[in-house]
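Dumped target.cif below, it's mmCIF, C-alpha atoms:
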```
data_upload
#
loop_
_atom_site.group_PDB
_atom_site.id
_atom_site.type_symbol
_atom_site.label_atom_id
_atom_site.label_comp_id
_atom_site.auth_asym_id
_atom_site.auth_seq_id
_atom_site.Cartn_x
_atom_site.Cartn_y
_atom_site.Cartn_z
ATOM 1 C CA ILE A 253 0.000 0.000 0.000
ATOM 2 C CA GLU A 254 1.489 3.316 -1.114
ATOM 3 C CA MET A 255 1.409 6.428 1.040
ATOM 4 C CA PRO A 256 -1.414 8.907 0.238
ATOM 5 C CA ASP A 257 0.889 11.493 -1.328
ATOM 6 C CA ARG A 258 1.302 9.092 -4.271
ATOM 7 C CA GLY A 259 -2.382 9.537 -5.121
ATOM 8 C CA ALA A 260 -5.416 7.376 -4.358
ATOM 9 C CA HIS A 261 -9.197 7.408 -4.226
ATOM 10 C CA ALA A 262 -9.671 8.418 -0.598
ATOM 11 C CA HIS A 263 -12.616 6.157 0.259
ATOM 12 C CA GLY A 264 -11.075 3.004 -1.205
ATOM 13 C CA TYR A 265 -7.688 3.819 0.306
ATOM 14 C CA MET A 266 -8.890 4.522 3.843
ATOM 15 C CA ALA A 267 -11.322 1.587 3.801
ATOM 16 C CA THR A 268 -8.278 -0.622 3.227
ATOM 17 C CA LEU A 269 -6.417 1.069 6.085
ATOM 18 C CA ARG A 270 -9.412 0.496 8.362
ATOM 19 C CA GLY A 271 -9.285 -3.184 7.449
ATOM 20 C CA LEU A 272 -5.686 -3.348 8.677
ATOM 21 C CA GLN A 273 -6.726 -1.578 11.871
ATOM 22 C CA THR A 274 -9.484 -4.136 12.393
ATOM 23 C CA ALA A 275 -6.845 -6.865 12.173
ATOM 24 C CA ALA A 276 -4.870 -5.038 14.889
ATOM 25 C CA LEU A 277 -7.938 -4.757 17.119
ATOM 26 C CA ILE A 278 -8.915 -8.422 16.709
ATOM 27 C CA THR A 279 -5.437 -9.951 17.043
ATOM 28 C CA GLY A 280 -3.978 -7.489 19.552
ATOM 29 C CA ASP A 281 -0.950 -7.133 17.257
ATOM 30 C CA ALA A 282 -0.314 -3.394 16.827
ATOM 31 C CA ALA A 283 2.013 -4.082 13.888
ATOM 32 C CA TRP A 284 -1.085 -4.221 11.675
ATOM 33 C CA ASN A 285 -1.586 -0.526 12.471
ATOM 34 C CA ALA A 286 1.879 0.601 11.320
ATOM 35 C CA LYS A 287 0.855 1.532 7.761
ATOM 36 C CA PRO A 288 -2.509 3.107 8.767
ATOM 37 C CA GLU A 289 -0.779 5.214 11.414
ATOM 38 C CA ALA A 290 1.945 6.394 9.022
ATOM 39 C CA ALA A 291 -0.715 7.352 6.467
ATOM 40 C CA ARG A 292 -2.879 9.045 9.097
ATOM 41 C CA ARG A 293 -0.012 11.211 10.273
ATOM 42 C CA MET A 294 0.887 12.155 6.693
ATOM 43 C CA ILE A 295 -2.712 13.229 5.996
ATOM 44 C CA ILE A 296 -2.611 15.499 9.051
ATOM 45 C CA GLU A 297 0.940 16.821 8.751
ATOM 46 C CA HIS A 298 0.761 17.445 4.974
ATOM 47 C CA HIS A 299 -2.650 19.149 5.297
ATOM 48 C CA PHE A 300 -4.495 16.746 3.004
ATOM 49 C CA GLU A 301 -7.599 17.592 5.084
ATOM 50 C CA LEU A 302 -9.355 20.944 5.266
ATOM 51 C CA ALA A 303 -9.582 22.932 8.497
ATOM 52 C CA ASP A 304 -12.948 21.354 9.354
ATOM 53 C CA GLY A 305 -11.466 17.845 9.114
ATOM 54 C CA CYS A 306 -12.891 16.873 5.719
ATOM 55 C CA THR A 307 -10.741 14.788 3.381
ATOM 56 C CA PRO A 308 -10.666 15.088 -0.423
ATOM 57 C CA GLU A 309 -12.353 12.735 -2.860
ATOM 58 C CA CYS A 310 -8.859 11.745 -4.021
ATOM 59 C CA PHE A 311 -5.514 12.132 -2.290
ATOM 60 C CA PRO A 312 -3.496 14.227 -2.031
ATOM 61 C CA HIS A 313 -5.900 16.997 -3.147
ATOM 62 C CA SER A 314 -8.983 17.284 -5.343
ATOM 63 C CA GLY A 315 -11.846 19.667 -6.014
ATOM 64 C CA ALA A 316 -14.467 17.844 -3.957
ATOM 65 C CA ASN A 317 -14.999 15.732 -0.873
ATOM 66 C CA GLU A 318 -17.158 12.671 -0.263
ATOM 67 C CA GLY A 319 -19.187 11.760 2.791
ATOM 68 C CA CYS A 320 -17.814 8.217 2.626
ATOM 69 C CA SER A 321 -14.192 9.391 2.795
ATOM 70 C CA ILE A 322 -15.011 11.738 5.684
ATOM 71 C CA ALA A 323 -16.635 8.773 7.427
ATOM 72 C CA ASP A 324 -13.512 6.671 6.797
ATOM 73 C CA TRP A 325 -11.303 9.437 8.139
ATOM 74 C CA LEU A 326 -13.427 9.708 11.271
ATOM 75 C CA MET A 327 -13.329 5.928 11.861
ATOM 76 C CA LEU A 328 -9.595 5.756 11.127
ATOM 77 C CA ASN A 329 -8.986 8.168 14.006
ATOM 78 C CA LEU A 330 -11.422 6.337 16.299
ATOM 79 C CA ASN A 331 -9.593 3.062 15.634
ATOM 80 C CA THR A 332 -6.228 4.712 16.247
ATOM 81 C CA ALA A 333 -7.366 5.822 19.687
ATOM 82 C CA ALA A 334 -8.730 2.354 20.476
ATOM 83 C CA ILE A 335 -5.467 0.670 19.438
ATOM 84 C CA THR A 336 -2.955 3.102 20.927
ATOM 85 C CA GLY A 337 -4.878 4.899 23.683
ATOM 86 C CA GLU A 338 -3.905 8.209 22.076
ATOM 87 C CA GLU A 339 -6.466 10.742 23.290
ATOM 88 C CA THR A 340 -5.512 13.261 20.607
ATOM 89 C CA ALA A 341 -6.949 10.821 18.049
ATOM 90 C CA TYR A 342 -10.310 10.934 19.856
ATOM 91 C CA GLU A 343 -10.025 14.729 19.900
ATOM 92 C CA HIS A 344 -9.411 14.690 16.143
ATOM 93 C CA ALA A 345 -12.340 12.325 15.580
ATOM 94 C CA GLU A 346 -14.611 14.617 17.581
ATOM 95 C CA HIS A 347 -13.546 17.603 15.480
ATOM 96 C CA ILE A 348 -14.305 15.672 12.269
ATOM 97 C CA PHE A 349 -17.680 14.515 13.598
ATOM 98 C CA TRP A 350 -19.057 17.909 14.614
ATOM 99 C CA ASN A 351 -17.653 19.793 11.625
ATOM 100 C CA ALA A 352 -16.871 17.855 8.433
ATOM 101 C CA LEU A 353 -19.326 14.959 8.811
ATOM 102 C CA ALA A 354 -22.163 17.079 10.215
ATOM 103 C CA PHE A 355 -21.753 19.653 7.431
ATOM 104 C CA ASN A 356 -21.758 16.915 4.771
ATOM 105 C CA GLN A 357 -25.135 15.535 5.869
ATOM 106 C CA TRP A 358 -28.228 16.650 3.957
ATOM 107 C CA ASN A 359 -31.562 17.518 5.555
ATOM 108 C CA THR A 360 -32.748 14.168 4.138
ATOM 109 C CA GLY A 361 -30.220 12.373 6.352
ATOM 110 C CA CYS A 362 -28.124 11.403 3.316
ATOM 111 C CA PHE A 363 -24.415 12.113 2.759
ATOM 112 C CA GLY A 364 -22.713 12.911 -0.524
ATOM 113 C CA VAL A 365 -20.341 15.011 -2.616
ATOM 114 C CA ARG A 366 -19.549 18.698 -2.141
ATOM 115 C CA SER A 367 -17.142 20.908 -4.064
ATOM 116 C CA THR A 368 -14.174 22.302 -2.195
ATOM 117 C CA ALA A 369 -11.880 25.240 -2.897
ATOM 118 C CA PRO A 370 -8.597 26.517 -1.423
ATOM 119 C CA THR A 371 -10.657 28.782 0.830
ATOM 120 C CA GLY A 372 -13.268 26.185 1.870
ATOM 121 C CA TYR A 373 -16.412 24.991 0.060
ATOM 122 C CA SER A 374 -18.080 25.928 -3.222
ATOM 123 C CA MET A 375 -21.408 25.049 -4.889
ATOM 124 C CA ARG A 376 -20.022 23.642 -8.154
ATOM 125 C CA ARG A 377 -20.922 20.083 -7.087
ATOM 126 C CA PHE A 378 -23.575 19.403 -4.498
ATOM 127 C CA GLU A 379 -25.188 15.994 -4.745
ATOM 128 C CA GLU A 380 -26.349 13.097 -2.613
ATOM 129 C CA ALA A 381 -24.639 9.717 -2.972
ATOM 130 C CA TRP A 382 -27.254 7.302 -1.632
ATOM 131 C CA TRP A 383 -25.411 4.317 -3.150
ATOM 132 C CA CYS A 384 -22.258 4.773 -1.016
ATOM 133 C CA CYS A 385 -21.871 7.852 1.189
ATOM 134 C CA LEU A 386 -25.217 7.263 2.898
ATOM 135 C CA HIS A 387 -24.209 3.814 4.179
ATOM 136 C CA HIS A 388 -20.712 4.754 5.290
ATOM 137 C CA GLY A 389 -21.898 7.986 6.899
ATOM 138 C CA GLY A 390 -24.433 5.980 8.896
ATOM 139 C CA LEU A 391 -21.751 3.476 9.878
ATOM 140 C CA ALA A 392 -19.542 6.319 11.135
ATOM 141 C CA LEU A 393 -22.378 7.594 13.346
ATOM 142 C CA VAL A 394 -22.728 4.136 14.916
ATOM 143 C CA GLU A 395 -18.970 3.714 15.365
ATOM 144 C CA TYR A 396 -18.714 7.131 17.003
ATOM 145 C CA ALA A 397 -21.261 6.071 19.622
ATOM 146 C CA ARG A 398 -19.568 2.672 20.031
ATOM 147 C CA HIS A 399 -16.299 4.368 20.971
ATOM 148 C CA ALA A 400 -17.940 6.751 23.458
ATOM 149 C CA VAL A 401 -17.285 4.494 26.471
ATOM 150 C CA THR A 402 -14.508 1.891 26.599
ATOM 151 C CA LEU A 403 -12.500 -0.117 29.116
ATOM 152 C CA ARG A 404 -8.752 0.504 29.155
ATOM 153 C CA GLU A 405 -5.988 -0.040 31.734
ATOM 154 C CA ASN A 406 -8.410 -0.955 34.530
ATOM 155 C CA ALA A 407 -10.466 2.183 33.972
ATOM 156 C CA ILE A 408 -13.817 2.881 32.385
ATOM 157 C CA GLN A 409 -12.976 5.632 29.930
ATOM 158 C CA VAL A 410 -15.541 8.138 28.645
ATOM 159 C CA ASN A 411 -13.944 9.212 25.382
ATOM 160 C CA LEU A 412 -16.803 11.085 23.715
ATOM 161 C CA LEU A 413 -19.773 12.951 25.158
ATOM 162 C CA VAL A 414 -22.549 11.052 23.391
ATOM 163 C CA PRO A 415 -25.702 10.986 25.542
ATOM 164 C CA GLY A 416 -27.033 7.527 26.270
ATOM 165 C CA THR A 417 -26.678 4.426 28.428
ATOM 166 C CA TYR A 418 -23.722 2.082 27.893
ATOM 167 C CA ARG A 419 -22.853 -1.351 29.264
ATOM 168 C CA VAL A 420 -19.191 -2.253 29.664
ATOM 169 C CA ALA A 421 -18.072 -5.867 30.118
ATOM 170 C CA LEU A 422 -15.686 -6.220 33.079
ATOM 171 C CA PRO A 423 -12.580 -8.462 33.170
ATOM 172 C CA SER A 424 -13.847 -10.211 36.306
ATOM 173 C CA GLY A 425 -17.244 -10.919 34.748
ATOM 174 C CA GLY A 426 -20.462 -8.972 34.836
ATOM 175 C CA GLU A 427 -20.750 -5.449 33.534
ATOM 176 C CA ALA A 428 -20.842 -1.825 34.558
ATOM 177 C CA GLU A 429 -23.525 0.570 33.354
ATOM 178 C CA VAL A 430 -22.614 4.115 32.352
ATOM 179 C CA ARG A 431 -25.128 6.869 31.654
ATOM 180 C CA ILE A 432 -24.070 10.112 29.949
ATOM 181 C CA THR A 433 -26.404 13.112 30.275
ATOM 182 C CA THR A 434 -25.278 16.174 28.344
ATOM 183 C CA ALA A 435 -26.324 18.967 25.991
ATOM 184 C CA TYR A 436 -22.799 19.151 24.551
ATOM 185 C CA PRO A 437 -21.823 20.741 22.189
ATOM 186 C CA ALA A 438 -24.517 23.330 22.904
ATOM 187 C CA ARG A 439 -23.191 23.720 26.453
ATOM 188 C CA ALA A 440 -20.007 22.625 28.204
ATOM 189 C CA GLU A 441 -21.860 20.588 30.801
ATOM 190 C CA ALA A 442 -22.197 16.847 31.410
ATOM 191 C CA VAL A 443 -23.097 14.336 34.103
ATOM 192 C CA VAL A 444 -21.627 10.824 33.880
ATOM 193 C CA SER A 445 -23.122 8.257 36.265
ATOM 194 C CA ALA A 446 -21.833 4.691 36.542
ATOM 195 C CA THR A 447 -22.973 1.664 38.547
ATOM 196 C CA GLY A 448 -21.245 -1.664 39.047
ATOM 197 C CA VAL A 449 -17.768 -0.122 39.094
ATOM 198 C CA PRO A 450 -15.500 -2.535 41.042
ATOM 199 C CA GLU A 451 -13.268 -1.335 43.841
ATOM 200 C CA GLY A 452 -9.927 -0.284 42.428
ATOM 201 C CA MET A 453 -11.395 0.605 39.025
ATOM 202 C CA SER A 454 -11.759 4.262 38.104
ATOM 203 C CA LEU A 455 -14.127 6.239 35.895
ATOM 204 C CA ARG A 456 -12.291 8.702 33.667
ATOM 205 C CA LEU A 457 -13.540 11.470 31.414
ATOM 206 C CA ARG A 458 -11.711 12.940 28.431
ATOM 207 C CA VAL A 459 -12.630 16.604 28.444
ATOM 208 C CA PRO A 460 -13.043 17.981 24.898
ATOM 209 C CA GLY A 461 -10.346 20.447 23.930
ATOM 210 C CA CYS A 462 -12.944 23.120 23.115
ATOM 211 C CA VAL A 463 -14.068 23.250 26.757
ATOM 212 C CA LYS A 464 -12.241 26.117 28.407
ATOM 213 C CA HIS A 465 -11.564 26.239 32.146
ATOM 214 C CA PRO A 466 -13.037 22.754 32.715
ATOM 215 C CA ALA A 467 -13.872 21.519 36.197
ATOM 216 C CA VAL A 468 -14.559 17.830 36.839
ATOM 217 C CA THR A 469 -15.835 16.694 40.237
ATOM 218 C CA GLU A 470 -16.236 13.092 41.367
ATOM 219 C CA ALA A 471 -18.490 11.472 43.944
ATOM 220 C CA ARG A 472 -18.179 7.767 44.805
ATOM 221 C CA ASN A 473 -20.351 5.530 46.936
ATOM 222 C CA ASN A 474 -19.224 1.884 46.858
ATOM 223 C CA ASN A 475 -19.696 0.762 43.241
ATOM 224 C CA ARG A 476 -21.478 3.944 42.145
ATOM 225 C CA VAL A 477 -19.487 6.797 40.658
ATOM 226 C CA GLN A 478 -20.643 10.155 39.326
ATOM 227 C CA LEU A 479 -18.621 12.753 37.430
ATOM 228 C CA ASN A 480 -19.814 16.303 36.813
ATOM 229 C CA LEU A 481 -18.247 18.473 34.112
ATOM 230 C CA THR A 482 -18.640 22.242 33.891
ATOM 231 C CA GLY A 483 -16.749 24.782 31.845
ATOM 232 C CA ARG A 484 -16.977 27.422 29.144
ATOM 233 C CA LEU A 485 -17.567 26.412 25.553
ATOM 234 C CA GLY A 486 -14.978 27.537 23.023
ATOM 235 C CA HIS A 487 -14.586 26.949 19.295
ATOM 236 C CA HIS A 488 -14.635 23.295 18.293
#
```
Kindly transcribe the structure held in the file into C-alpha cells.
Amino acid sequence: IEMPDRGAHAHGYMATLRGLQTAALITGDAAWNAKPEAARRMIIEHHFELADGCTPECFPHSGANEGCSIADWLMLNLNTAAITGEETAYEHAEHIFWNALAFNQWNTGCFGVRSTAPTGYSMRRFEEAWWCCLHHGGLALVEYARHAVTLRENAIQVNLLVPGTYRVALPSGGEAEVRITTAYPARAEAVVSATGVPEGMSLRLRVPGCVKHPAVTEARNNNRVQLNLTGRLGHH
C-alpha cells in the first residue's frame, strides 16, 4: 500500500487502512496498524484535510470531498485511539464529527459530494450519494457512539460525550452501566453516572479540547461513581 501522497481514491484507500486496523484490534498485534498510522499522520501533517477535518475525494488533493471518505477518516482516528490509547486521536475524531461529517449531511439524512476550494467549500458540485456515502456515513455515526465508552488499563474511559446508556463488560465478569447526560456541544456541561464499578477501578472522562476552564468533580459511593463536568464552551 502506497502512502497517500502518491495519489489514491480516498474512500477506497482509507477503507483498506481500516481493514488493517481491524486486524490489529482483533489480534492485539499493533504491527497491523503501522501503515494506517503512518498514512494518518501524513494526511494530518501534509494538510491533506481541510480545516474542518474533511478529506478530499482523491488524495493528495482534489476539487471535492465525499461523505464516505469523511466517514472513513473519522473511523480511522477512532480506531487509532482504540489501538494506541492516544487521546488526541479521539479529539481529532470529535472535530471531524461535529464539523466535516455534520456539514456533509443533507436535511434528508443522506451524505454525498460537495465541491471544495482553497478557501473552503463551493457550490459547483452538491449531490447526494445514496449508493455509497449514505451507508458509510451511517456506519460512522454508529462507530462514534460505540467508541464513546470503553475499558482501558483498569479504567472505564468516557472518550466522547454522546448521551445515552452504555454497558461495559468487566474483566472479572459482569458489567458496569454508564449513563451520559449532556447537551454538549450546545453547552459545556455533562453528568456521567456509573454503577457496578469494582473497587480499584476508576471512571475517567476525556474533556473535549474546546471546553475552556473545565472543572470535573467526582463522587463515589461503593460501586457507584458520578462525574460532573462544567466549563466554558470555546470553538470546536
Selection dump of the PyMOL selection byres ((chain A and resi 412) around 9), as a count of residues only: 16
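With atom CA of A:Thr279 on one side and atom CA of A:Gly390 on the other, the separation reads 26.1 Å.
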Considering only C-alpha atoms, can you say which of A:Gly416, A:Gly337, A:Gly280, A:Pro256 comes closest to A:Glu429?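 That would be A:Gly416, the residue with the smallest distance to A:Glu429.
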Atom pair atom CA of A:Thr274 + atom CA of A:Ala341, distance 16.2 Å
Assuming the chain letters and numbering stay as they are in my file, what does the PyMOL selection byres ((chain A and resi 477) around 9) actually select? List them as a PyMOL selection string. chain A and resi 444-449+454-455+470-476+478-479
For each of A:His387, A:His298, A:Lys287, A:Arg398, take the minimum atom-to-atom distance to A:Pro415, counting all atoms listed in the file, then give the residue where this is smallest.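 Of A:His387, A:His298, A:Lys287, A:Arg398, the one nearest A:Pro415 is A:Arg398, counting all atoms listed in the file.
Distance-wise, atom CA of A:His487 and atom CA of A:Ala303 end up 12.6 Å apart.
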